[in-house]
$ cat run-v1.txt   # compact mmCIF, C-alpha atoms
# COMPACT_ATOMS: atom_id res chain seq x y z
CA MET A 105 -42.23 -17.59 -28.32
CA SER A 106 -43.25 -18.34 -31.87
CA SER A 107 -44.89 -15.62 -33.89
CA ALA A 108 -48.65 -15.26 -34.21
CA LEU A 109 -50.71 -16.66 -37.06
CA ASP A 110 -51.91 -13.81 -39.26
CA PHE A 111 -55.59 -14.40 -39.91
CA TYR A 112 -57.26 -12.29 -42.64
CA PHE A 113 -61.01 -12.36 -43.04
CA ASP A 114 -63.99 -10.45 -44.34
CA PHE A 115 -67.00 -10.27 -42.03
CA SER A 116 -69.24 -11.20 -44.96
CA SER A 117 -67.30 -14.39 -45.74
CA PRO A 118 -68.95 -17.62 -44.55
CA TYR A 119 -65.75 -19.65 -44.85
CA GLY A 120 -64.09 -16.82 -42.91
CA TYR A 121 -66.71 -17.35 -40.20
CA PHE A 122 -65.92 -21.08 -40.06
CA ALA A 123 -62.24 -20.22 -39.73
CA ALA A 124 -62.97 -17.67 -36.99
CA MET A 125 -64.77 -20.35 -34.97
CA LYS A 126 -61.76 -22.69 -35.13
CA ILE A 127 -58.53 -20.77 -35.48
CA ASP A 128 -57.91 -19.83 -31.85
CA ASP A 129 -58.15 -23.46 -30.72
CA LEU A 130 -55.95 -24.63 -33.57
CA ALA A 131 -53.27 -22.04 -32.77
CA ALA A 132 -53.44 -22.64 -29.01
CA LYS A 133 -52.90 -26.38 -29.56
CA TYR A 134 -49.43 -25.49 -30.86
CA GLY A 135 -48.72 -22.67 -28.40
CA ARG A 136 -49.47 -19.92 -30.90
CA GLN A 137 -51.43 -16.68 -30.79
CA VAL A 138 -53.61 -15.35 -33.60
CA ALA A 139 -53.45 -11.82 -35.02
CA TRP A 140 -56.93 -11.08 -36.39
CA HIS A 141 -57.02 -8.81 -39.46
CA PRO A 142 -60.43 -7.71 -40.78
CA ILE A 143 -60.24 -6.87 -44.48
CA LEU A 144 -62.74 -5.96 -47.20
CA LEU A 145 -62.75 -8.39 -50.08
CA GLY A 146 -64.59 -5.87 -52.24
CA ALA A 147 -61.45 -3.72 -52.30
CA ILE A 148 -59.23 -6.69 -53.15
CA PHE A 149 -61.61 -8.14 -55.74
CA LYS A 150 -61.00 -4.96 -57.76
CA THR A 151 -57.47 -6.29 -58.28
CA THR A 152 -58.30 -9.93 -58.85
CA GLY A 153 -61.51 -9.45 -60.83
CA ALA A 154 -63.28 -11.90 -58.55
CA VAL A 155 -66.98 -11.70 -57.76
CA PRO A 156 -68.83 -13.00 -54.70
CA LEU A 157 -69.04 -16.81 -54.83
CA VAL A 158 -72.79 -17.17 -54.60
CA GLU A 159 -73.33 -14.79 -57.51
CA ILE A 160 -71.51 -17.09 -59.96
CA PRO A 161 -73.70 -19.32 -62.17
CA LEU A 162 -73.50 -23.02 -61.20
CA LYS A 163 -70.76 -22.34 -58.62
CA GLY A 164 -73.13 -20.24 -56.53
CA ASN A 165 -75.57 -23.11 -56.08
CA TYR A 166 -72.78 -25.50 -55.23
CA VAL A 167 -71.32 -23.13 -52.66
CA ARG A 168 -74.66 -22.72 -50.91
CA HIS A 169 -74.81 -26.51 -50.58
CA ASP A 170 -71.16 -26.86 -49.60
CA LEU A 171 -71.46 -24.26 -46.84
CA VAL A 172 -74.30 -26.08 -45.10
CA ARG A 173 -72.55 -29.44 -45.46
CA THR A 174 -69.19 -28.15 -44.27
CA ALA A 175 -70.73 -26.38 -41.27
CA ARG A 176 -72.53 -29.58 -40.31
CA LEU A 177 -69.36 -31.66 -40.60
CA HIS A 178 -67.45 -29.25 -38.38
CA GLN A 179 -70.36 -28.83 -36.00
CA ILE A 180 -70.56 -25.09 -36.53
CA PRO A 181 -74.04 -23.53 -36.28
CA PHE A 182 -74.77 -21.90 -39.63
CA LYS A 183 -77.54 -20.41 -41.70
CA LEU A 184 -76.82 -18.40 -44.84
CA PRO A 185 -78.32 -14.95 -44.14
CA GLU A 186 -81.05 -13.59 -46.40
CA ASN A 187 -78.98 -10.45 -46.88
CA PHE A 188 -75.86 -11.93 -48.39
CA PRO A 189 -73.26 -10.80 -49.18
CA ILE A 190 -73.23 -7.41 -47.48
CA SER A 191 -70.72 -4.59 -47.17
CA THR A 192 -68.91 -4.96 -43.87
CA LEU A 193 -67.05 -1.67 -43.98
CA HIS A 194 -68.52 -0.48 -40.67
CA THR A 195 -67.96 -3.87 -39.03
CA ALA A 196 -64.29 -3.90 -39.93
CA ARG A 197 -63.84 -0.30 -38.73
CA ALA A 198 -65.61 -1.16 -35.48
CA MET A 199 -63.21 -4.01 -34.85
CA LEU A 200 -60.21 -1.74 -35.41
CA TRP A 201 -61.69 0.84 -33.05
CA ILE A 202 -62.20 -1.76 -30.33
CA ASN A 203 -58.70 -3.07 -30.85
CA ASN A 204 -57.22 0.45 -30.56
CA ASN A 205 -59.29 1.48 -27.54
CA LEU A 206 -60.11 -1.67 -25.61
CA GLY A 207 -57.47 -4.14 -26.71
CA LYS A 208 -56.99 -7.24 -28.79
CA THR A 209 -59.09 -9.67 -26.74
CA LYS A 210 -62.19 -7.50 -26.78
CA ALA A 211 -61.74 -6.92 -30.51
CA GLU A 212 -61.63 -10.66 -31.13
CA ASN A 213 -64.66 -11.24 -28.93
CA PHE A 214 -66.50 -8.64 -30.98
CA ALA A 215 -65.42 -10.33 -34.22
CA LYS A 216 -66.72 -13.71 -33.10
CA ALA A 217 -69.98 -12.23 -31.80
CA ALA A 218 -70.51 -10.29 -35.03
CA TYR A 219 -69.83 -13.37 -37.17
CA GLN A 220 -72.28 -15.42 -35.10
CA ALA A 221 -74.92 -12.69 -35.21
CA TYR A 222 -74.69 -12.71 -39.01
CA PHE A 223 -74.25 -16.39 -39.83
CA VAL A 224 -76.42 -17.88 -37.10
CA GLU A 225 -79.08 -15.27 -36.40
CA GLY A 226 -79.12 -13.50 -39.76
CA ILE A 227 -78.58 -10.06 -38.23
CA ASN A 228 -77.29 -7.52 -40.76
CA ILE A 229 -73.92 -6.73 -39.24
CA GLY A 230 -73.18 -4.17 -41.93
CA GLU A 231 -75.52 -1.72 -40.19
CA PRO A 232 -74.11 0.59 -37.50
CA GLU A 233 -77.13 0.11 -35.17
CA GLN A 234 -76.65 -3.65 -35.16
CA ILE A 235 -72.90 -3.25 -34.65
CA ALA A 236 -73.53 -0.96 -31.68
CA GLN A 237 -75.93 -3.48 -30.17
CA ILE A 238 -73.46 -6.37 -30.51
CA ALA A 239 -70.75 -4.29 -28.81
CA THR A 240 -73.13 -3.20 -26.08
CA GLN A 241 -74.07 -6.81 -25.37
CA LEU A 242 -70.35 -7.46 -24.83
CA GLY A 243 -70.24 -4.72 -22.20
CA MET A 244 -68.76 -2.00 -24.38
CA ASP A 245 -70.17 1.44 -25.08
CA GLY A 246 -71.49 0.44 -28.48
CA VAL A 247 -73.04 3.79 -29.37
CA THR A 248 -69.85 5.77 -28.71
CA MET A 249 -67.89 3.15 -30.58
CA VAL A 250 -70.03 3.36 -33.69
CA ASN A 251 -70.07 7.16 -33.56
CA THR A 252 -66.29 7.41 -33.45
CA SER A 253 -65.23 4.45 -35.57
CA SER A 254 -65.76 6.41 -38.78
CA SER A 255 -63.00 8.86 -37.87
CA GLU A 256 -60.34 9.66 -40.46
CA GLU A 257 -57.87 7.76 -38.29
CA ILE A 258 -59.84 4.52 -38.44
CA LYS A 259 -60.71 4.96 -42.11
CA ASN A 260 -57.05 5.30 -42.96
CA GLN A 261 -56.06 2.49 -40.65
CA LEU A 262 -58.42 0.09 -42.44
CA LYS A 263 -57.17 1.22 -45.85
CA THR A 264 -53.60 0.65 -44.71
CA GLU A 265 -54.47 -2.79 -43.30
CA ILE A 266 -56.08 -3.85 -46.58
CA ALA A 267 -53.20 -2.54 -48.68
CA SER A 268 -50.76 -4.33 -46.40
CA ALA A 269 -52.73 -7.58 -46.70
CA GLN A 270 -52.80 -7.29 -50.46
CA ASN A 271 -49.04 -6.68 -50.52
CA LYS A 272 -48.63 -9.94 -48.65
CA GLY A 273 -50.64 -11.73 -51.36
CA VAL A 274 -53.99 -11.94 -49.57
CA PHE A 275 -56.81 -12.32 -52.13
CA GLY A 276 -59.54 -14.20 -50.28
CA SER A 277 -61.09 -15.04 -46.93
CA PRO A 278 -60.04 -16.81 -44.82
CA TYR A 279 -56.35 -16.36 -45.57
CA VAL A 280 -53.80 -17.36 -42.97
CA ILE A 281 -50.06 -16.72 -42.99
CA VAL A 282 -47.94 -18.80 -40.61
CA ASP A 283 -44.23 -17.98 -40.49
CA GLY A 284 -44.43 -16.70 -44.07
CA GLU A 285 -46.34 -19.74 -45.36
CA PRO A 286 -49.71 -18.77 -46.94
CA PHE A 287 -52.91 -20.79 -46.67
CA TRP A 288 -56.13 -19.82 -48.42
CA GLY A 289 -59.47 -21.24 -47.41
CA PHE A 290 -61.00 -23.13 -44.53
CA ASP A 291 -60.09 -26.25 -46.57
CA ARG A 292 -56.47 -25.64 -45.75
CA PHE A 293 -56.83 -25.90 -41.96
CA ASP A 294 -55.55 -29.48 -42.14
CA GLN A 295 -52.42 -28.25 -43.89
CA ILE A 296 -52.04 -25.41 -41.37
CA GLU A 297 -52.13 -27.99 -38.60
CA LEU A 298 -49.48 -30.11 -40.33
CA PHE A 299 -47.31 -27.03 -40.71
CA LEU A 300 -47.73 -26.03 -37.05
CA LYS A 301 -46.97 -29.58 -35.97
CA ASN A 302 -43.93 -30.24 -38.14
CA GLY A 303 -42.58 -26.71 -38.72
CA GLN A 304 -42.63 -27.46 -42.43
CA ILE A 305 -44.95 -28.78 -45.07
CA MET B 120 -74.03 -52.96 -56.65
CA SER B 121 -73.81 -49.26 -55.84
CA SER B 122 -73.58 -46.81 -58.69
CA ALA B 123 -70.31 -45.44 -60.00
CA LEU B 124 -68.76 -42.16 -58.90
CA ASP B 125 -69.06 -39.64 -61.74
CA PHE B 126 -65.67 -37.98 -62.08
CA TYR B 127 -65.47 -34.84 -64.26
CA PHE B 128 -62.09 -33.40 -65.15
CA ASP B 129 -60.23 -31.25 -67.66
CA PHE B 130 -56.90 -32.62 -68.85
CA SER B 131 -55.35 -29.20 -68.26
CA SER B 132 -56.45 -29.07 -64.61
CA PRO B 133 -53.70 -29.83 -62.09
CA TYR B 134 -56.14 -30.48 -59.25
CA GLY B 135 -57.96 -32.76 -61.72
CA TYR B 136 -54.68 -34.61 -62.17
CA PHE B 137 -54.31 -35.06 -58.41
CA ALA B 138 -57.86 -36.41 -58.28
CA ALA B 139 -57.17 -38.77 -61.19
CA MET B 140 -54.23 -40.27 -59.32
CA LYS B 141 -56.37 -41.00 -56.26
CA ILE B 142 -60.00 -41.53 -57.20
CA ASP B 143 -59.87 -45.19 -58.30
CA ASP B 144 -58.32 -46.28 -55.01
CA LEU B 145 -60.77 -44.19 -53.01
CA ALA B 146 -63.76 -45.67 -54.85
CA ALA B 147 -62.42 -49.23 -54.70
CA LYS B 148 -62.01 -48.93 -50.94
CA TYR B 149 -65.80 -48.65 -50.73
CA GLY B 150 -66.60 -51.16 -53.50
CA ARG B 151 -67.36 -48.48 -56.08
CA GLN B 152 -66.44 -47.97 -59.72
CA VAL B 153 -65.55 -44.62 -61.27
CA ALA B 154 -67.07 -43.22 -64.47
CA TRP B 155 -64.45 -40.89 -65.97
CA HIS B 156 -65.81 -37.87 -67.86
CA PRO B 157 -63.34 -35.63 -69.68
CA ILE B 158 -64.73 -32.11 -70.08
CA LEU B 159 -63.42 -28.77 -71.33
CA LEU B 160 -63.48 -26.05 -68.70
CA GLY B 161 -63.09 -23.40 -71.40
CA ALA B 162 -66.59 -24.20 -72.61
CA ILE B 163 -68.03 -24.09 -69.10
CA PHE B 164 -66.12 -20.96 -68.08
CA LYS B 165 -68.11 -19.11 -70.76
CA THR B 166 -71.13 -19.66 -68.50
CA THR B 167 -69.48 -18.97 -65.16
CA GLY B 168 -67.19 -16.14 -66.27
CA ALA B 169 -64.27 -17.89 -64.61
CA VAL B 170 -60.69 -17.57 -65.87
CA PRO B 171 -57.81 -20.01 -65.43
CA LEU B 172 -56.57 -19.91 -61.83
CA VAL B 173 -52.95 -19.09 -62.51
CA GLU B 174 -53.91 -16.07 -64.63
CA ILE B 175 -55.58 -14.30 -61.70
CA PRO B 176 -53.52 -11.62 -59.93
CA LEU B 177 -52.39 -12.70 -56.42
CA LYS B 178 -54.42 -15.93 -56.59
CA GLY B 179 -52.28 -17.21 -59.46
CA ASN B 180 -49.09 -17.02 -57.41
CA TYR B 181 -50.76 -18.67 -54.46
CA VAL B 182 -52.10 -21.50 -56.59
CA ARG B 183 -48.66 -22.21 -58.05
CA HIS B 184 -47.38 -22.58 -54.49
CA ASP B 185 -50.36 -24.57 -53.28
CA LEU B 186 -50.10 -27.06 -56.14
CA VAL B 187 -46.51 -27.97 -55.33
CA ARG B 188 -47.27 -28.19 -51.61
CA THR B 189 -50.42 -30.27 -52.08
CA ALA B 190 -48.68 -32.66 -54.50
CA ARG B 191 -45.86 -33.14 -51.98
CA LEU B 192 -48.28 -33.80 -49.10
CA HIS B 193 -50.12 -36.43 -51.14
CA GLN B 194 -46.91 -37.88 -52.57
CA ILE B 195 -47.95 -37.23 -56.15
CA PRO B 196 -45.12 -36.44 -58.60
CA PHE B 197 -45.80 -32.97 -60.00
CA LYS B 198 -44.21 -30.18 -61.98
CA LEU B 199 -46.27 -27.32 -63.37
CA PRO B 200 -45.70 -27.49 -67.16
CA GLU B 201 -44.16 -24.51 -68.96
CA ASN B 202 -47.09 -24.58 -71.38
CA PHE B 203 -49.95 -24.03 -68.96
CA PRO B 204 -52.87 -24.00 -69.28
CA ILE B 205 -53.41 -25.57 -72.70
CA SER B 206 -56.44 -26.52 -74.76
CA THR B 207 -57.13 -30.21 -74.27
CA LEU B 208 -59.81 -30.55 -76.92
CA HIS B 209 -57.91 -33.27 -78.77
CA THR B 210 -57.03 -35.09 -75.55
CA ALA B 211 -60.65 -35.26 -74.45
CA ARG B 212 -61.75 -36.45 -77.89
CA ALA B 213 -59.02 -39.09 -77.88
CA MET B 214 -60.24 -40.44 -74.57
CA LEU B 215 -63.79 -40.70 -75.87
CA TRP B 216 -62.53 -42.50 -79.00
CA ILE B 217 -60.60 -45.01 -76.91
CA ASN B 218 -63.61 -45.53 -74.67
CA ASN B 219 -65.87 -46.16 -77.68
CA ASN B 220 -63.47 -48.44 -79.53
CA LEU B 221 -61.30 -50.12 -76.92
CA GLY B 222 -63.32 -49.88 -73.74
CA LYS B 223 -63.44 -48.09 -70.43
CA THR B 224 -60.28 -49.53 -68.87
CA LYS B 225 -58.04 -48.55 -71.77
CA ALA B 226 -59.62 -45.09 -71.82
CA GLU B 227 -58.82 -44.61 -68.14
CA ASN B 228 -55.29 -45.88 -68.62
CA PHE B 229 -54.88 -43.33 -71.40
CA ALA B 230 -56.26 -40.56 -69.16
CA LYS B 231 -53.81 -41.34 -66.38
CA ALA B 232 -50.87 -41.63 -68.79
CA ALA B 233 -51.79 -38.33 -70.48
CA TYR B 234 -52.11 -36.55 -67.13
CA GLN B 235 -48.72 -37.88 -66.02
CA ALA B 236 -47.09 -36.97 -69.32
CA TYR B 237 -48.32 -33.40 -68.86
CA PHE B 238 -47.91 -32.81 -65.14
CA VAL B 239 -44.75 -34.84 -64.55
CA GLU B 240 -42.83 -34.70 -67.83
CA GLY B 241 -44.20 -31.42 -69.19
CA ILE B 242 -45.27 -32.98 -72.51
CA ASN B 243 -47.85 -30.86 -74.34
CA ILE B 244 -50.78 -33.26 -74.36
CA GLY B 245 -52.89 -30.82 -76.34
CA GLU B 246 -50.97 -31.77 -79.49
CA PRO B 247 -52.21 -34.72 -81.60
CA GLU B 248 -48.68 -36.11 -82.18
CA GLN B 249 -48.05 -36.33 -78.45
CA ILE B 250 -51.48 -37.87 -77.88
CA ALA B 251 -50.75 -40.50 -80.56
CA GLN B 252 -47.45 -41.32 -78.91
CA ILE B 253 -48.98 -41.76 -75.46
CA ALA B 254 -51.62 -44.11 -76.89
CA THR B 255 -49.01 -46.04 -78.87
CA GLN B 256 -46.93 -46.53 -75.72
CA LEU B 257 -50.02 -48.10 -74.15
CA GLY B 258 -50.20 -50.61 -77.03
CA MET B 259 -52.92 -48.86 -79.02
CA ASP B 260 -52.78 -47.71 -82.64
CA GLY B 261 -52.18 -44.10 -81.69
CA VAL B 262 -51.95 -42.74 -85.22
CA THR B 263 -55.25 -44.21 -86.34
CA MET B 264 -56.84 -43.05 -83.10
CA VAL B 265 -55.74 -39.45 -83.57
CA ASN B 266 -56.75 -39.48 -87.23
CA THR B 267 -60.26 -40.65 -86.48
CA SER B 268 -60.97 -38.99 -83.15
CA SER B 269 -61.91 -35.71 -84.84
CA SER B 270 -64.90 -37.30 -86.55
CA GLU B 271 -68.25 -35.57 -86.34
CA GLU B 272 -69.42 -38.38 -84.11
CA ILE B 273 -66.72 -37.77 -81.50
CA LYS B 274 -67.02 -33.98 -81.78
CA ASN B 275 -70.73 -34.20 -81.05
CA GLN B 276 -70.21 -36.77 -78.32
CA LEU B 277 -67.84 -34.42 -76.47
CA LYS B 278 -70.23 -31.48 -76.86
CA THR B 279 -73.05 -33.60 -75.48
CA GLU B 280 -70.90 -34.80 -72.57
CA ILE B 281 -69.99 -31.22 -71.65
CA ALA B 282 -73.58 -29.99 -71.93
CA SER B 283 -74.70 -32.92 -69.79
CA ALA B 284 -72.05 -32.13 -67.17
CA GLN B 285 -73.08 -28.50 -67.08
CA ASN B 286 -76.72 -29.51 -66.67
CA LYS B 287 -75.66 -31.49 -63.62
CA GLY B 288 -74.02 -28.38 -62.16
CA VAL B 289 -70.40 -29.12 -63.03
CA PHE B 290 -68.38 -25.89 -63.17
CA GLY B 291 -64.84 -26.90 -62.28
CA SER B 292 -62.29 -29.70 -62.22
CA PRO B 293 -62.19 -32.06 -60.46
CA TYR B 294 -65.92 -32.39 -59.83
CA VAL B 295 -67.30 -35.63 -58.45
CA ILE B 296 -70.93 -36.66 -58.07
CA VAL B 297 -71.68 -39.57 -55.76
CA ASP B 298 -75.30 -40.74 -55.57
CA GLY B 299 -76.39 -37.22 -56.49
CA GLU B 300 -74.13 -35.50 -53.94
CA PRO B 301 -71.72 -33.02 -55.61
CA PHE B 302 -68.13 -32.40 -54.55
CA TRP B 303 -65.91 -29.80 -56.18
CA GLY B 304 -62.16 -29.85 -55.80
CA PHE B 305 -59.44 -32.22 -54.69
CA ASP B 306 -59.94 -30.59 -51.24
CA ARG B 307 -63.24 -32.38 -50.94
CA PHE B 308 -61.83 -35.92 -51.19
CA ASP B 309 -62.04 -36.22 -47.40
CA GLN B 310 -65.74 -35.37 -47.56
CA ILE B 311 -66.22 -37.84 -50.45
CA GLU B 312 -64.67 -40.52 -48.26
CA LEU B 313 -66.97 -39.67 -45.36
CA PHE B 314 -69.94 -39.85 -47.69
CA LEU B 315 -68.86 -43.21 -49.12
CA LYS B 316 -68.27 -44.54 -45.64
CA ASN B 317 -71.47 -43.34 -43.99
CA GLY B 318 -73.86 -43.10 -46.93
CA GLN B 319 -74.60 -39.54 -45.88
CA ILE B 320 -72.78 -36.37 -44.95

$ encode --input "run-v1.txt" --output "structure tokens"
Amino acid sequence: MSSALDFYFDFSSPYGYFAAMKIDDLAAKYGRQVAWHPILLGAIFKTTGAVPLVEIPLKGNYVRHDLVRTARLHQIPFKLPENFPISTLHTARAMLWINNNLGKTKAENFAKAAYQAYFVEGINIGEPEQIAQIATQLGMDGVTMVNTSSSEEIKNQLKTEIASAQNKGVFGSPYVIVDGEPFWGFDRFDQIELFLKNGQI
Amino acid sequence: MSSALDFYFDFSSPYGYFAAMKIDDLAAKYGRQVAWHPILLGAIFKTTGAVPLVEIPLKGNYVRHDLVRTARLHQIPFKLPENFPISTLHTARAMLWINNNLGKTKAENFAKAAYQAYFVEGINIGEPEQIAQIATQLGMDGVTMVNTSSSEEIKNQLKTEIASAQNKGVFGSPYVIVDGEPFWGFDRFDQIELFLKNGQI
């Protein structure tokens, strides 16, 4: 079987949310799995000197417009949250905890639910109480999860994941690596599909 | 007749070059003209705090890869020049001079020839001698053009053009405005086509 697509994303990234809504179907179409990797762009932006898109003069306004238009074109429900961007440290740790304790599928379900809570309903998914509630709604013990996902083990695991991503060249969200070939941005999903289809690009 | 597509580009922008190779055909397909606007990103980056793509850690390496891959996919000849990025102040002024004195078509022919000289042959199109030669090869009096394109009139015209672009929200290259709808990046040519086709997006 072919190797999984490595999908890197920040829970506060709207284009990462778009990617999260589409990547499983895209991969499945070509018989591939997806390995979901939550990262924190804040940590990586210290290296690249980048700042959040919507905070940039001129570009910020454009991006707000582009997000709504792109969501509409891809038929993805979307509303830019009032609290944006937010720190998603606890969200990323929660996903790792679920992955470690309940498995990959539940972790991915949590990721999708968290993204939708934030970018559809405007729920602040950076806050532990909200994270617990999302997990609970998925049938997990959300309170225990939140209380134990700030362990040293999980903290270090997230740091290691982010360092590993950065070593692979990841600098934004979404960022997808397929058989060593890197793709940055939801814009590149057409190129990812070509690559999956033809084995080259 | 419908209004022209406003196409903003910096002569040192490789994605601007890709756009320049494709935009006339795209517009013509929907019965539209293109108004070509050379700008200087350096001036606009002072507002947005942006830096040239390839100078950014991690992102720079990715962009170098993405450029080659994107050019190949769109069958556009491309080689990243050794001198990159460069100041294209003189190139932009030359295009305005040609537009003023010889008309829009010759100015666009010059723009395409300059872009190709830079991104295919690696010729430094920031230098007046090279600019003169490109114009001469197109049957213009390149030497006279270069000698007179640094007049106060042209200098002020370029400043006004850039200020006007910035007032319209332009912050990158390529940037296209169609009937008031803004599109940033060669990535957005599929959305431009949808907009031209359907009159909305």

$ axis_aligned_box --input "run-v1.txt" --around "region 238-246 of chain B" --padding-each-side "4 Å" --output "JSON"
{"center_x": -47.9, "center_y": -32.8, "center_z": -72.0, "size_x": 18.1, "size_y": 12.0, "size_z": 22.9}

$ closest_residue --input "run-v1.txt" --among "A:Tyr166, A:Tyr279, A:Phe111, A:Phe182" --to "chain B" --atoms "all atoms listed in the file"
A:Tyr166

$ closest_residue --input "run-v1.txt" --among "B:Gln256, B:Thr207, B:Ser292, B:Gln249" --to "chain A" --atoms "only C-alpha atoms"
B:Ser292

$ interface_residues --input "run-v1.txt" --of "chain B" --to "chain A" --cutoff "8 Å" --atoms "only C-alpha atoms" --output "list in words"
Thr166, Thr167, Gly168, Ile175, Pro176, Leu177, Lys178, Tyr181, Arg188, Leu192, Gly288, Val289, Phe290, Pro301, Asp306 and Ile320 of chain B

$ write_last_selection --input "run-v1.txt" --atoms "C-alpha atoms" --output "mmCIF file, in the frame of the given file"
data_model
loop_
_atom_site.group_PDB
_atom_site.id
_atom_site.type_symbol
_atom_site.label_atom_id
_atom_site.label_comp_id
_atom_site.auth_asym_id
_atom_site.auth_seq_id
_atom_site.Cartn_x
_atom_site.Cartn_y
_atom_site.Cartn_z
ATOM 1 C CA THR B 166 -71.130 -19.660 -68.500
ATOM 2 C CA THR B 167 -69.480 -18.970 -65.160
ATOM 3 C CA GLY B 168 -67.190 -16.140 -66.270
ATOM 4 C CA ILE B 175 -55.580 -14.300 -61.700
ATOM 5 C CA PRO B 176 -53.520 -11.620 -59.930
ATOM 6 C CA LEU B 177 -52.390 -12.700 -56.420
ATOM 7 C CA LYS B 178 -54.420 -15.930 -56.590
ATOM 8 C CA TYR B 181 -50.760 -18.670 -54.460
ATOM 9 C CA ARG B 188 -47.270 -28.190 -51.610
ATOM 10 C CA LEU B 192 -48.280 -33.800 -49.100
ATOM 11 C CA GLY B 288 -74.020 -28.380 -62.160
ATOM 12 C CA VAL B 289 -70.400 -29.120 -63.030
ATOM 13 C CA PHE B 290 -68.380 -25.890 -63.170
ATOM 14 C CA PRO B 301 -71.720 -33.020 -55.610
ATOM 15 C CA ASP B 306 -59.940 -30.590 -51.240
ATOM 16 C CA ILE B 320 -72.780 -36.370 -44.950
#

$ closest_residue --input "run-v1.txt" --among "A:Leu130, A:Leu184, A:Ala239, A:Ala196" --to "Lys259 (chain A)" --atoms "all atoms listed in the file"
A:Ala196

$ atom_distance --input "run-v1.txt" --atom1 "CA of Gly261 (chain B)" --atom2 "CA of Trp216 (chain B)"
10.8 Å

$ atom_distance --input "run-v1.txt" --atom1 "CA of Ile250 (chain B)" --atom2 "CA of Ile296 (chain B)"
27.8 Å

$ residues_around --input "run-v1.txt" --residues "Ser191 (chain A)" --least-positions-apart "4" --cutoff "9 Å" --atoms "only C-alpha atoms" --output "PyMOL selection string"
chain A and resi 115-116+144+146+195+229-231

$ write_last_selection --input "run-v1.txt" --atoms "C-alpha atoms" --output "mmCIF file, in the frame of the given file"
data_model
loop_
_atom_site.group_PDB
_atom_site.id
_atom_site.type_symbol
_atom_site.label_atom_id
_atom_site.label_comp_id
_atom_site.auth_asym_id
_atom_site.auth_seq_id
_atom_site.Cartn_x
_atom_site.Cartn_y
_atom_site.Cartn_z
ATOM 1 C CA PHE A 115 -67.000 -10.270 -42.030
ATOM 2 C CA SER A 116 -69.240 -11.200 -44.960
ATOM 3 C CA LEU A 144 -62.740 -5.960 -47.200
ATOM 4 C CA GLY A 146 -64.590 -5.870 -52.240
ATOM 5 C CA THR A 195 -67.960 -3.870 -39.030
ATOM 6 C CA ILE A 229 -73.920 -6.730 -39.240
ATOM 7 C CA GLY A 230 -73.180 -4.170 -41.930
ATOM 8 C CA GLU A 231 -75.520 -1.720 -40.190
#

$ atom_distance --input "run-v1.txt" --atom1 "CA of Phe128 (chain B)" --atom2 "CA of Gly120 (chain A)"
27.8 Å

$ residues_around --input "run-v1.txt" --residues "Phe305 (chain B)" --least-positions-apart "4" --cutoff "8 Å" --atoms "all atoms listed in the file" --output "PyMOL selection string"
chain B and resi 134-135+137-138+293

$ closest_residue --input "run-v1.txt" --among "B:Arg151, B:Glu248, B:Ile158, B:Glu312" --to "Val262 (chain B)" --atoms "only C-alpha atoms"
B:Glu248

$ decode --input "run-v1.txt" --residues "region 156-165 of chain B" --atoms "N, CA and C atoms" --output "mmCIF file, in the first residue's frame"
data_model
loop_
_atom_site.group_PDB
_atom_site.id
_atom_site.type_symbol
_atom_site.label_atom_id
_atom_site.label_comp_id
_atom_site.auth_asym_id
_atom_site.auth_seq_id
_atom_site.Cartn_x
_atom_site.Cartn_y
_atom_site.Cartn_z
ATOM 1 N N HIS B 156 -0.639 47.033 -15.810
ATOM 2 C CA HIS B 156 -0.124 48.052 -14.898
ATOM 3 C C HIS B 156 1.162 47.595 -14.220
ATOM 4 N N PRO B 157 2.326 48.041 -14.721
ATOM 5 C CA PRO B 157 3.553 47.683 -14.004
ATOM 6 C C PRO B 157 3.627 48.431 -12.673
ATOM 7 N N ILE B 158 3.968 47.708 -11.614
ATOM 8 C CA ILE B 158 4.130 48.352 -10.301
ATOM 9 C C ILE B 158 5.461 47.905 -9.709
ATOM 10 N N LEU B 159 5.834 48.493 -8.598
ATOM 11 C CA LEU B 159 7.060 48.085 -7.889
ATOM 12 C C LEU B 159 6.661 47.562 -6.518
ATOM 13 N N LEU B 160 6.838 46.260 -6.317
ATOM 14 C CA LEU B 160 6.434 45.686 -5.027
ATOM 15 C C LEU B 160 7.234 46.275 -3.874
ATOM 16 N N GLY B 161 8.496 46.634 -4.158
ATOM 17 C CA GLY B 161 9.339 47.205 -3.101
ATOM 18 C C GLY B 161 8.648 48.375 -2.415
ATOM 19 N N ALA B 162 8.006 49.215 -3.223
ATOM 20 C CA ALA B 162 7.315 50.383 -2.672
ATOM 21 C C ALA B 162 6.136 49.945 -1.818
ATOM 22 N N ILE B 163 5.407 48.936 -2.293
ATOM 23 C CA ILE B 163 4.209 48.486 -1.575
ATOM 24 C C ILE B 163 4.577 47.667 -0.338
ATOM 25 N N PHE B 164 5.674 46.911 -0.433
ATOM 26 C CA PHE B 164 6.110 46.102 0.712
ATOM 27 C C PHE B 164 6.454 46.975 1.914
ATOM 28 N N LYS B 165 6.768 48.264 1.667
ATOM 29 C CA LYS B 165 7.019 49.156 2.807
ATOM 30 C C LYS B 165 5.758 49.313 3.646
#
